[in-house]
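Engineer: Just run-v8.cif, nothing more (mmCIF, C-alpha atoms):
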data_query
loop_
_atom_site.group_PDB
_atom_site.id
_atom_site.type_symbol
_atom_site.label_atom_id
_atom_site.label_comp_id
_atom_site.auth_asym_id
_atom_site.auth_seq_id
_atom_site.Cartn_x
_atom_site.Cartn_y
_atom_site.Cartn_z
ATOM 1 C CA VAL R 1 27.318 59.983 11.295
ATOM 2 C CA VAL R 2 30.094 61.406 13.461
ATOM 3 C CA GLY R 3 30.543 65.163 13.562
ATOM 4 C CA CYS R 4 34.270 65.903 13.746
ATOM 5 C CA ASP R 5 33.830 69.220 11.948
ATOM 6 C CA GLY R 6 34.940 71.691 14.594
ATOM 7 C CA ARG R 7 33.405 74.427 16.688
ATOM 8 C CA SER R 8 31.017 75.539 13.906
ATOM 9 C CA SER R 9 29.878 71.951 13.311
ATOM 10 C CA LYS R 10 27.191 71.482 10.680
ATOM 11 C CA VAL R 11 26.419 68.041 12.114
ATOM 12 C CA ARG R 12 25.669 69.637 15.476
ATOM 13 C CA SER R 13 23.502 72.395 14.010
ATOM 14 C CA SER R 14 21.620 69.879 11.805
ATOM 15 C CA CYS R 15 21.085 67.017 14.256
ATOM 16 C CA PHE R 16 21.526 68.474 17.740
ATOM 17 C CA HIS R 17 18.851 71.040 18.538
ATOM 18 C CA GLU R 18 15.728 71.390 20.670
ATOM 19 C CA ASP R 19 13.511 69.822 17.986
ATOM 20 C CA ASN R 20 15.437 66.571 18.454
ATOM 21 C CA ILE R 21 16.715 66.876 22.025
ATOM 22 C CA GLU R 22 14.702 68.377 24.849
ATOM 23 C CA ASN R 23 16.508 71.307 26.540
ATOM 24 C CA PHE R 24 19.533 70.933 24.271
ATOM 25 C CA GLU R 25 22.302 73.506 24.855
ATOM 26 C CA TRP R 26 25.635 74.448 23.312
ATOM 27 C CA LYS R 27 26.793 75.771 26.671
ATOM 28 C CA GLU R 28 29.235 78.658 26.682
ATOM 29 C CA HIS R 29 31.433 79.436 29.682
ATOM 30 C CA LYS R 30 32.751 82.926 28.969
ATOM 31 C CA GLY R 31 36.054 84.502 29.880
ATOM 32 C CA VAL R 32 36.350 88.295 30.096
ATOM 33 C CA MET R 33 40.017 88.954 29.375
ATOM 34 C CA LEU R 34 41.404 88.948 25.847
ATOM 35 C CA HIS R 35 44.690 87.064 25.434
ATOM 36 C CA MET R 36 47.300 86.864 22.698
ATOM 37 C CA MET R 37 49.389 83.860 21.721
ATOM 38 C CA CYS R 38 52.224 83.599 19.227
ATOM 39 C CA GLU R 39 55.235 81.611 18.105
ATOM 40 C CA CYS R 40 58.405 83.555 17.383
ATOM 41 C CA GLN R 41 62.103 83.653 18.103
ATOM 42 C CA LEU R 42 62.898 84.793 21.627
ATOM 43 C CA ARG R 43 66.452 85.969 22.146
ATOM 44 C CA TRP R 44 67.409 86.070 25.817
ATOM 45 C CA LYS R 45 70.038 84.670 28.168
ATOM 46 C CA LEU R 46 67.851 82.296 30.174
ATOM 47 C CA ASP R 47 67.960 78.504 29.916
ATOM 48 C CA ARG R 48 65.599 76.823 27.461
ATOM 49 C CA LYS R 49 62.631 75.817 29.644
ATOM 50 C CA PRO R 50 59.045 76.982 30.376
ATOM 51 C CA TYR R 51 58.724 80.278 32.230
ATOM 52 C CA ARG R 52 56.056 82.265 33.960
ATOM 53 C CA LEU R 53 56.556 85.910 32.964
ATOM 54 C CA GLU R 54 56.067 88.628 35.560
ATOM 55 C CA GLN R 55 56.241 92.384 35.493
ATOM 56 C CA LYS R 56 57.542 93.828 38.752
ATOM 57 C CA SER R 57 56.757 97.336 39.885
ATOM 58 C CA MET R 58 58.685 99.707 42.180
ATOM 59 C CA GLY R 59 62.115 98.464 41.135
ATOM 60 C CA GLY R 60 61.249 94.832 41.771
ATOM 61 C CA PHE R 61 60.017 95.354 45.357
ATOM 62 C CA GLY R 62 56.377 95.965 44.567
ATOM 63 C CA PRO R 63 53.596 93.576 43.579
ATOM 64 C CA THR R 64 53.453 91.650 40.329
ATOM 65 C CA VAL R 65 51.699 93.508 37.505
ATOM 66 C CA GLY R 66 50.102 91.243 34.908
ATOM 67 C CA GLY R 67 51.802 88.147 33.615
ATOM 68 C CA GLY R 68 52.391 85.806 30.730
ATOM 69 C CA ALA R 69 54.066 82.569 29.764
ATOM 70 C CA ALA R 70 56.917 81.409 27.524
ATOM 71 C CA MET R 71 57.144 77.793 26.376
ATOM 72 C CA PRO R 72 59.975 76.397 24.212
ATOM 73 C CA VAL R 73 58.715 74.791 20.997
ATOM 74 C CA PRO R 74 60.315 71.457 20.007
ATOM 75 C CA SER R 75 62.494 72.493 17.076
ATOM 76 C CA THR R 76 66.055 72.582 15.795
ATOM 77 C CA ASN R 77 65.712 76.338 16.307
ATOM 78 C CA LYS R 78 66.504 76.668 20.027
ATOM 79 C CA GLN R 79 65.189 80.238 20.103
ATOM 80 C CA LEU R 80 61.660 79.274 19.002
ATOM 81 C CA TYR R 81 59.105 79.866 21.783
ATOM 82 C CA ARG R 82 55.355 80.003 22.159
ATOM 83 C CA LEU R 83 54.340 83.015 24.218
ATOM 84 C CA SER R 84 51.080 84.118 25.780
ATOM 85 C CA VAL R 85 50.166 87.483 27.272
ATOM 86 C CA ASN R 86 47.112 89.641 27.913
ATOM 87 C CA ALA R 87 45.972 92.006 25.180
ATOM 88 C CA PRO R 88 45.651 95.701 26.137
ATOM 89 C CA PHE R 89 42.677 96.355 28.407
ATOM 90 C CA THR R 90 41.146 98.658 25.775
ATOM 91 C CA MET R 91 40.765 95.654 23.445
ATOM 92 C CA TRP R 92 38.963 93.327 25.852
ATOM 93 C CA GLY R 93 35.570 94.236 24.384
ATOM 94 C CA SER R 94 36.664 93.432 20.819
ATOM 95 C CA GLN R 95 35.113 90.699 18.718
ATOM 96 C CA ILE R 96 37.948 88.324 17.850
ATOM 97 C CA ASP R 97 36.490 87.414 14.456
ATOM 98 C CA SER R 98 36.469 91.047 13.341
ATOM 99 C CA ILE R 99 40.123 91.948 14.057
ATOM 100 C CA ASP R 100 43.361 90.882 12.417
ATOM 101 C CA SER R 101 45.905 88.665 14.156
ATOM 102 C CA PRO R 102 48.128 90.453 16.701
ATOM 103 C CA PRO R 103 51.070 92.144 14.935
ATOM 104 C CA LEU R 104 54.620 91.696 16.189
ATOM 105 C CA ALA R 105 54.748 95.330 17.352
ATOM 106 C CA LEU R 106 51.774 94.820 19.701
ATOM 107 C CA LEU R 107 53.192 91.571 21.065
ATOM 108 C CA GLN R 108 56.517 93.279 21.692
ATOM 109 C CA LYS R 109 54.782 96.158 23.472
ATOM 110 C CA GLN R 110 52.824 93.834 25.790
ATOM 111 C CA LEU R 111 55.642 91.372 26.456
ATOM 112 C CA LYS R 112 58.604 93.733 26.810
ATOM 113 C CA PRO R 113 57.689 94.888 30.357
ATOM 114 C CA LYS R 114 57.500 91.242 31.445
ATOM 115 C CA LEU R 115 60.711 89.941 29.832
ATOM 116 C CA PRO R 116 64.258 90.257 31.211
ATOM 117 C CA LYS R 117 66.113 93.320 30.020
ATOM 118 C CA GLY R 118 67.748 92.869 26.646
ATOM 119 C CA SER R 119 65.249 90.243 25.432
ATOM 120 C CA GLU R 120 64.216 90.397 21.784
ATOM 121 C CA LEU R 121 61.173 89.055 19.925
ATOM 122 C CA ILE R 122 61.741 88.525 16.195
ATOM 123 C CA ASP R 123 60.577 86.439 13.235
ATOM 124 C CA LEU R 124 56.890 86.016 14.109
ATOM 125 C CA GLN R 125 55.620 82.637 12.828
ATOM 126 C CA TRP R 126 51.946 83.044 13.714
ATOM 127 C CA SER R 127 49.755 84.808 16.258
ATOM 128 C CA LYS R 128 46.153 84.779 17.433
ATOM 129 C CA TYR R 129 43.753 86.312 19.936
ATOM 130 C CA TYR R 130 41.825 84.044 22.259
ATOM 131 C CA ARG R 131 39.612 84.150 25.328
ATOM 132 C CA MET R 132 39.279 81.649 28.142
ATOM 133 C CA ASN R 133 35.957 80.518 26.641
ATOM 134 C CA HIS R 134 34.700 76.952 26.833
ATOM 135 C CA PHE R 135 31.846 75.480 24.790
ATOM 136 C CA ILE R 136 30.319 72.135 25.737
ATOM 137 C CA SER R 137 27.393 70.405 24.056
ATOM 138 C CA SER R 138 24.767 69.131 26.483
ATOM 139 C CA ARG R 139 24.600 65.933 24.408
ATOM 140 C CA PHE R 140 27.306 64.079 22.462
ATOM 141 C CA ARG R 141 24.870 61.552 20.935
ATOM 142 C CA CYS R 142 21.485 61.887 19.256
ATOM 143 C CA GLY R 143 20.265 58.591 17.830
ATOM 144 C CA ARG R 144 22.745 57.587 15.128
ATOM 145 C CA ALA R 145 24.568 60.932 15.206
ATOM 146 C CA PHE R 146 27.601 61.626 17.404
ATOM 147 C CA LEU R 147 29.799 64.610 18.160
ATOM 148 C CA ALA R 148 33.546 64.398 18.764
ATOM 149 C CA GLY R 149 36.378 66.840 19.296
ATOM 150 C CA GLU R 150 35.630 70.545 18.979
ATOM 151 C CA ALA R 151 32.212 69.792 17.539
ATOM 152 C CA ALA R 152 31.332 68.462 21.012
ATOM 153 C CA HIS R 153 33.469 70.630 23.271
ATOM 154 C CA ALA R 154 35.879 73.489 22.551
ATOM 155 C CA HIS R 155 38.423 74.932 24.956
ATOM 156 C CA PRO R 156 41.054 77.685 24.903
ATOM 157 C CA PRO R 157 44.487 76.680 23.539
ATOM 158 C CA VAL R 158 46.093 75.987 26.917
ATOM 159 C CA GLY R 159 48.668 73.223 27.265
ATOM 160 C CA ILE R 160 47.828 69.769 25.910
ATOM 161 C CA LEU R 161 44.529 69.153 27.731
ATOM 162 C CA PRO R 162 42.239 70.215 24.816
ATOM 163 C CA MET R 163 44.215 68.201 22.235
ATOM 164 C CA ASN R 164 44.322 65.126 24.472
ATOM 165 C CA ALA R 165 40.574 65.344 25.030
ATOM 166 C CA VAL R 166 39.941 65.361 21.260
ATOM 167 C CA ILE R 167 42.117 62.276 20.763
ATOM 168 C CA GLU R 168 40.423 60.509 23.665
ATOM 169 C CA ASP R 169 36.976 61.254 22.173
ATOM 170 C CA THR R 170 37.833 59.479 18.941
ATOM 171 C CA GLN R 171 39.501 56.577 20.725
ATOM 172 C CA ASN R 172 36.478 56.112 23.000
ATOM 173 C CA LEU R 173 33.964 56.254 20.147
ATOM 174 C CA ALA R 174 35.887 54.320 17.476
ATOM 175 C CA TRP R 175 36.054 50.958 19.235
ATOM 176 C CA LYS R 176 32.443 51.232 20.398
ATOM 177 C CA LEU R 177 31.204 51.931 16.865
ATOM 178 C CA ALA R 178 33.336 49.104 15.478
ATOM 179 C CA LEU R 179 31.932 46.652 18.015
ATOM 180 C CA ALA R 180 28.363 47.860 17.492
ATOM 181 C CA ILE R 181 28.668 47.371 13.731
ATOM 182 C CA LYS R 182 30.149 43.910 14.213
ATOM 183 C CA LEU R 183 27.456 42.774 16.668
ATOM 184 C CA GLY R 184 24.583 44.674 15.121
ATOM 185 C CA VAL R 185 23.442 48.117 16.215
ATOM 186 C CA THR R 186 19.957 46.809 17.003
ATOM 187 C CA ASP R 187 21.364 44.768 19.892
ATOM 188 C CA PRO R 188 20.184 46.393 23.182
ATOM 189 C CA GLU R 189 23.647 45.984 24.671
ATOM 190 C CA CYS R 190 25.144 47.879 21.716
ATOM 191 C CA SER R 191 22.747 50.744 22.341
ATOM 192 C CA SER R 192 23.892 50.945 25.973
ATOM 193 C CA LEU R 193 27.514 50.788 24.870
ATOM 194 C CA LEU R 194 27.093 53.660 22.416
ATOM 195 C CA GLU R 195 25.196 55.703 25.000
ATOM 196 C CA SER R 196 28.158 55.344 27.363
ATOM 197 C CA TYR R 197 30.200 57.488 24.960
ATOM 198 C CA ASP R 198 27.976 60.454 25.770
ATOM 199 C CA SER R 199 28.125 60.078 29.557
ATOM 200 C CA GLU R 200 31.859 59.334 29.685
ATOM 201 C CA ARG R 201 33.095 62.026 27.319
ATOM 202 C CA ARG R 202 30.781 64.821 28.493
ATOM 203 C CA ALA R 203 32.022 64.254 32.035
ATOM 204 C CA GLN R 204 35.614 64.412 30.795
ATOM 205 C CA ALA R 205 34.939 67.639 28.875
ATOM 206 C CA GLU R 206 33.753 69.220 32.121
ATOM 207 C CA GLU R 207 36.928 67.989 33.832
ATOM 208 C CA VAL R 208 39.038 69.639 31.120
ATOM 209 C CA ARG R 209 37.179 72.919 31.644
ATOM 210 C CA LYS R 210 37.675 72.758 35.412
ATOM 211 C CA GLY R 211 41.292 71.680 35.008
ATOM 212 C CA ILE R 212 42.157 74.658 32.801
ATOM 213 C CA ALA R 213 40.385 77.056 35.167
ATOM 214 C CA THR R 214 42.256 75.610 38.162
ATOM 215 C CA TYR R 215 45.571 75.738 36.310
ATOM 216 C CA PHE R 216 45.162 79.419 35.476
ATOM 217 C CA SER R 217 44.029 80.245 38.995
ATOM 218 C CA ASP R 218 47.063 78.496 40.480
ATOM 219 C CA LEU R 219 49.351 80.050 37.883
ATOM 220 C CA MET R 220 48.208 83.573 38.671
ATOM 221 C CA GLN R 221 48.585 82.939 42.414
ATOM 222 C CA GLY R 222 52.062 81.434 42.041
ATOM 223 C CA LYS R 223 50.986 78.057 43.425
ATOM 224 C CA LEU R 224 52.477 75.901 40.675
ATOM 225 C CA ARG R 225 55.658 74.044 41.577
ATOM 226 C CA PRO R 226 58.221 73.683 40.245
ATOM 227 C CA SER R 227 57.984 77.064 38.515
ATOM 228 C CA TYR R 228 60.562 79.086 36.658
ATOM 229 C CA TYR R 229 60.006 82.811 36.701
ATOM 230 C CA ALA R 230 61.356 85.466 34.363
ATOM 231 C CA HIS R 231 61.093 89.078 35.493
ATOM 232 C CA ASN R 232 61.618 92.399 33.777
ATOM 233 C CA ASP R 233 64.213 93.292 36.445
ATOM 234 C CA CYS R 234 66.458 90.218 36.048
#
Could you show the structure in this file as structure tokens?
Structural biologist:
Amino acid sequence: VVGCDGRSSKVRSSCFHEDNIENFEWKEHKGVMLHMMCECQLRWKLDRKPYRLEQKSMGGFGPTVGGGAAMPVPSTNKQLYRLSVNAPFTMWGSQIDSIDSPPLALLQKQLKPKLPKGSELIDLQWSKYYRMNHFISSRFRCGRAFLAGEAAHAHPPVGILPMNAVIEDTQNLAWKLALAIKLGVTDPECSSLLESYDSERRAQAEEVRKGIATYFSDLMQGKLRPSYYAHNDC
């Protein structure tokens, strides 16, 4: 059986636990800050490209205060963007599952100080809260049971790394299962082949976690190049 049933995987809870696997863990790497993400129409005068959003203090001569990101969404609607920004500090202790999705008014309040003057956010398509939390299973295989995708490792919705990792899980496991079935799963070499899924994909899940952490660190320190910046004073 292959558990492709998401972060709350029933396959993982049924087959992957300390009764079956010694020292098994569903390891959580917690982020403190609460973030908001949305897709909506962004009306501004800047070219259609990805931007790092910055709020300048002291008339643009002081340090950067907070930040965010704006990414154009492939669409016939050239004003459609995906935006990310921190939630208000007073909400950082909130449980995401117990609060409604961010309303447009809150997104406008948090993003307005970071967008060029005259920018407008309208027509909210969807929104969500998220944290920079990562969850990684300490095992991706237990006997004849396997975990793939978010059942095995879950990451914050940053860029394409998490989605690529899910696709690569299934690609890695599919051909190995097909070959094992063809040759016979009792073959010792098949057992070694199937076990390689666990070692290869767990290592890659850790690389995704480190890659996202490094990306955000570099982003906040302005190390990414080339970068396009949008300021509230431009």
Engineer: Mind dumping a table of every region 30-53 of chain R residue within 9 Å of region 124-147 of chain R, with the nearest atom pair and its distance in Å to one decimal, using only C-alpha atoms, sorted by chain and rising number, as a Markdown table?
Structural biologist:
| residue | atom | partner | partner_atom | distance |
| --- | --- | --- | --- | --- |
| R:Lys30 | CA | R:Asn133 | CA | 4.6 |
| R:Gly31 | CA | R:Met132 | CA | 4.6 |
| R:Val32 | CA | R:Arg131 | CA | 7.1 |
| R:Met33 | CA | R:Arg131 | CA | 6.3 |
| R:Leu34 | CA | R:Arg131 | CA | 5.1 |
| R:His35 | CA | R:Tyr130 | CA | 5.2 |
| R:Met36 | CA | R:Tyr129 | CA | 4.5 |
| R:Met37 | CA | R:Lys128 | CA | 5.5 |
| R:Cys38 | CA | R:Ser127 | CA | 4.0 |
| R:Glu39 | CA | R:Gln125 | CA | 5.4 |
| R:Cys40 | CA | R:Leu124 | CA | 4.4 |
| R:Gln41 | CA | R:Leu124 | CA | 7.0 |
Engineer: Any idea what's packed within 12 Å of His17 (chain R), counting all atoms listed in the file, ignoring anything in its chain fewer than 2 positions away? Could you give it as a list of chain:residue names?
Structural biologist: R:Lys10, R:Val11, R:Arg12, R:Ser13, R:Ser14, R:Cys15, R:Asp19, R:Asn20, R:Ile21, R:Glu22, R:Asn23, R:Phe24, R:Glu25, R:Trp26, R:Ser137, R:Ser138, R:Arg139, R:Phe140, R:Arg141, R:Cys142
Engineer: For CA of Ile167 (chain R) and CA of Glu18 (chain R), quote the distance in Å rounded to one decimal.
Structural biologist: 27.9 Å
Engineer: Could you tell me which of R:Leu53, R:Val208, R:Leu193, R:Ile96 comes closest to His153 (chain R) if we count all atoms listed in the file?
Structural biologist: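 Checking each of R:Leu53, R:Val208, R:Leu193, R:Ile96 against His153 (chain R), counting all atoms listed in the file, the winner is R:Val208.
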Engineer: Which one of R:Met91, R:Ala165, R:Ala213, R:Leu104 sits closest to His29 (chain R) if you count all atoms listed in the file?
Structural biologist: R:Ala213
Engineer: Hey, which of R:Leu83, R:Val2, R:Val73, R:Ala203 ends up closest to Gly149 (chain R)? Count all atoms listed in the file.
Structural biologist: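 Closest residue, counting all atoms listed in the file: R:Val2.
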Engineer: Can you tell me which residues surround Arg48 (chain R) at a distance of at most 10 Å, considering only C-alpha atoms, apart from same-chain residues fewer than 2 positions away, and format the answer as a list in words?
Structural biologist: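 So, after excluding close chain neighbours, the residues are Trp44, Lys45, Leu46, Pro50, Tyr51, Ala70, Met71, Pro72, Val73, Lys78, Gln79, Leu80 and Tyr81 of chain R.
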Engineer: Suppose you want the space between CA of Leu111 (chain R) and CA of Ala154 (chain R); what is it in Å?
Structural biologist: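 Between these atoms lies a distance of 26.9 Å.
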Engineer: Between CA of Ile181 (chain R) and CA of Val166 (chain R), what is the distance in Å, rounded to a tenth?
Structural biologist: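 For CA of Ile181 (chain R) relative to CA of Val166 (chain R), the distance reads 22.5 Å.
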Engineer: Between R:Cys190, R:Leu177, R:Ala152, R:Val185, which residue has the minimum interatomic distance to Ser8 (chain R), considering only C-alpha atoms?
Structural biologist: R:Ala152
Engineer: I need the residue nearest Arg52 (chain R) from this list: R:Arg201, R:Lys114, R:Lys176, R:Lys182. Use all atoms listed in the file for the distance.
Structural biologist: R:Lys114
Engineer: Would you mind writing region 192-209 of chain R with N, CA, C and O atoms, as a PDB file, keeping the file's coordinate frame?
Structural biologist:
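Output (result.pdb):
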ATOM      1  N   SER R 192      23.356  50.494  24.687  1.00  0.00           N
ATOM      2  CA  SER R 192      23.892  50.945  25.973  1.00  0.00           C
ATOM      3  C   SER R 192      25.366  51.306  25.856  1.00  0.00           C
ATOM      4  O   SER R 192      25.834  52.289  26.444  1.00  0.00           O
ATOM      5  N   LEU R 193      26.090  50.523  25.074  1.00  0.00           N
ATOM      6  CA  LEU R 193      27.514  50.788  24.870  1.00  0.00           C
ATOM      7  C   LEU R 193      27.721  52.132  24.185  1.00  0.00           C
ATOM      8  O   LEU R 193      28.554  52.938  24.611  1.00  0.00           O
ATOM      9  N   LEU R 194      26.960  52.397  23.143  1.00  0.00           N
ATOM     10  CA  LEU R 194      27.093  53.660  22.416  1.00  0.00           C
ATOM     11  C   LEU R 194      26.661  54.842  23.286  1.00  0.00           C
ATOM     12  O   LEU R 194      27.241  55.929  23.205  1.00  0.00           O
ATOM     13  N   GLU R 195      25.645  54.627  24.120  1.00  0.00           N
ATOM     14  CA  GLU R 195      25.196  55.703  25.000  1.00  0.00           C
ATOM     15  C   GLU R 195      26.264  56.050  26.031  1.00  0.00           C
ATOM     16  O   GLU R 195      26.343  57.191  26.492  1.00  0.00           O
ATOM     17  N   SER R 196      27.103  55.078  26.381  1.00  0.00           N
ATOM     18  CA  SER R 196      28.158  55.344  27.363  1.00  0.00           C
ATOM     19  C   SER R 196      29.175  56.350  26.842  1.00  0.00           C
ATOM     20  O   SER R 196      29.848  57.022  27.625  1.00  0.00           O
ATOM     21  N   TYR R 197      29.296  56.467  25.528  1.00  0.00           N
ATOM     22  CA  TYR R 197      30.200  57.488  24.960  1.00  0.00           C
ATOM     23  C   TYR R 197      29.777  58.869  25.426  1.00  0.00           C
ATOM     24  O   TYR R 197      30.608  59.686  25.846  1.00  0.00           O
ATOM     25  N   ASP R 198      28.489  59.141  25.364  1.00  0.00           N
ATOM     26  CA  ASP R 198      27.976  60.454  25.770  1.00  0.00           C
ATOM     27  C   ASP R 198      28.284  60.743  27.236  1.00  0.00           C
ATOM     28  O   ASP R 198      28.843  61.790  27.573  1.00  0.00           O
ATOM     29  N   SER R 199      27.950  59.824  28.121  1.00  0.00           N
ATOM     30  CA  SER R 199      28.125  60.078  29.557  1.00  0.00           C
ATOM     31  C   SER R 199      29.601  60.181  29.935  1.00  0.00           C
ATOM     32  O   SER R 199      29.989  61.032  30.736  1.00  0.00           O
ATOM     33  N   GLU R 200      30.433  59.332  29.337  1.00  0.00           N
ATOM     34  CA  GLU R 200      31.859  59.334  29.685  1.00  0.00           C
ATOM     35  C   GLU R 200      32.573  60.570  29.164  1.00  0.00           C
ATOM     36  O   GLU R 200      33.350  61.207  29.885  1.00  0.00           O
ATOM     37  N   ARG R 201      32.335  60.930  27.911  1.00  0.00           N
ATOM     38  CA  ARG R 201      33.095  62.026  27.319  1.00  0.00           C
ATOM     39  C   ARG R 201      32.571  63.402  27.728  1.00  0.00           C
ATOM     40  O   ARG R 201      33.346  64.353  27.822  1.00  0.00           O
ATOM     41  N   ARG R 202      31.284  63.529  27.985  1.00  0.00           N
ATOM     42  CA  ARG R 202      30.781  64.821  28.493  1.00  0.00           C
ATOM     43  C   ARG R 202      31.364  65.100  29.871  1.00  0.00           C
ATOM     44  O   ARG R 202      31.730  66.232  30.179  1.00  0.00           O
ATOM     45  N   ALA R 203      31.434  64.081  30.701  1.00  0.00           N
ATOM     46  CA  ALA R 203      32.022  64.254  32.035  1.00  0.00           C
ATOM     47  C   ALA R 203      33.485  64.670  31.918  1.00  0.00           C
ATOM     48  O   ALA R 203      33.965  65.535  32.656  1.00  0.00           O
ATOM     49  N   GLN R 204      34.212  64.065  30.973  1.00  0.00           N
ATOM     50  CA  GLN R 204      35.614  64.412  30.795  1.00  0.00           C
ATOM     51  C   GLN R 204      35.782  65.825  30.260  1.00  0.00           C
ATOM     52  O   GLN R 204      36.726  66.537  30.624  1.00  0.00           O
ATOM     53  N   ALA R 205      34.882  66.267  29.390  1.00  0.00           N
ATOM     54  CA  ALA R 205      34.939  67.639  28.875  1.00  0.00           C
ATOM     55  C   ALA R 205      34.792  68.650  30.012  1.00  0.00           C
ATOM     56  O   ALA R 205      35.476  69.686  30.036  1.00  0.00           O
ATOM     57  N   GLU R 206      33.914  68.346  30.957  1.00  0.00           N
ATOM     58  CA  GLU R 206      33.753  69.220  32.121  1.00  0.00           C
ATOM     59  C   GLU R 206      35.020  69.218  32.969  1.00  0.00           C
ATOM     60  O   GLU R 206      35.410  70.255  33.518  1.00  0.00           O
ATOM     61  N   GLU R 207      35.676  68.071  33.068  1.00  0.00           N
ATOM     62  CA  GLU R 207      36.928  67.989  33.832  1.00  0.00           C
ATOM     63  C   GLU R 207      38.022  68.818  33.172  1.00  0.00           C
ATOM     64  O   GLU R 207      38.834  69.448  33.852  1.00  0.00           O
ATOM     65  N   VAL R 208      38.059  68.815  31.840  1.00  0.00           N
ATOM     66  CA  VAL R 208      39.038  69.639  31.120  1.00  0.00           C
ATOM     67  C   VAL R 208      38.785  71.112  31.410  1.00  0.00           C
ATOM     68  O   VAL R 208      39.718  71.879  31.684  1.00  0.00           O
ATOM     69  N   ARG R 209      37.515  71.517  31.357  1.00  0.00           N
ATOM     70  CA  ARG R 209      37.179  72.919  31.644  1.00  0.00           C
ATOM     71  C   ARG R 209      37.618  73.303  33.052  1.00  0.00           C
ATOM     72  O   ARG R 209      38.266  74.344  33.252  1.00  0.00           O
TER      73      ARG R 209
END
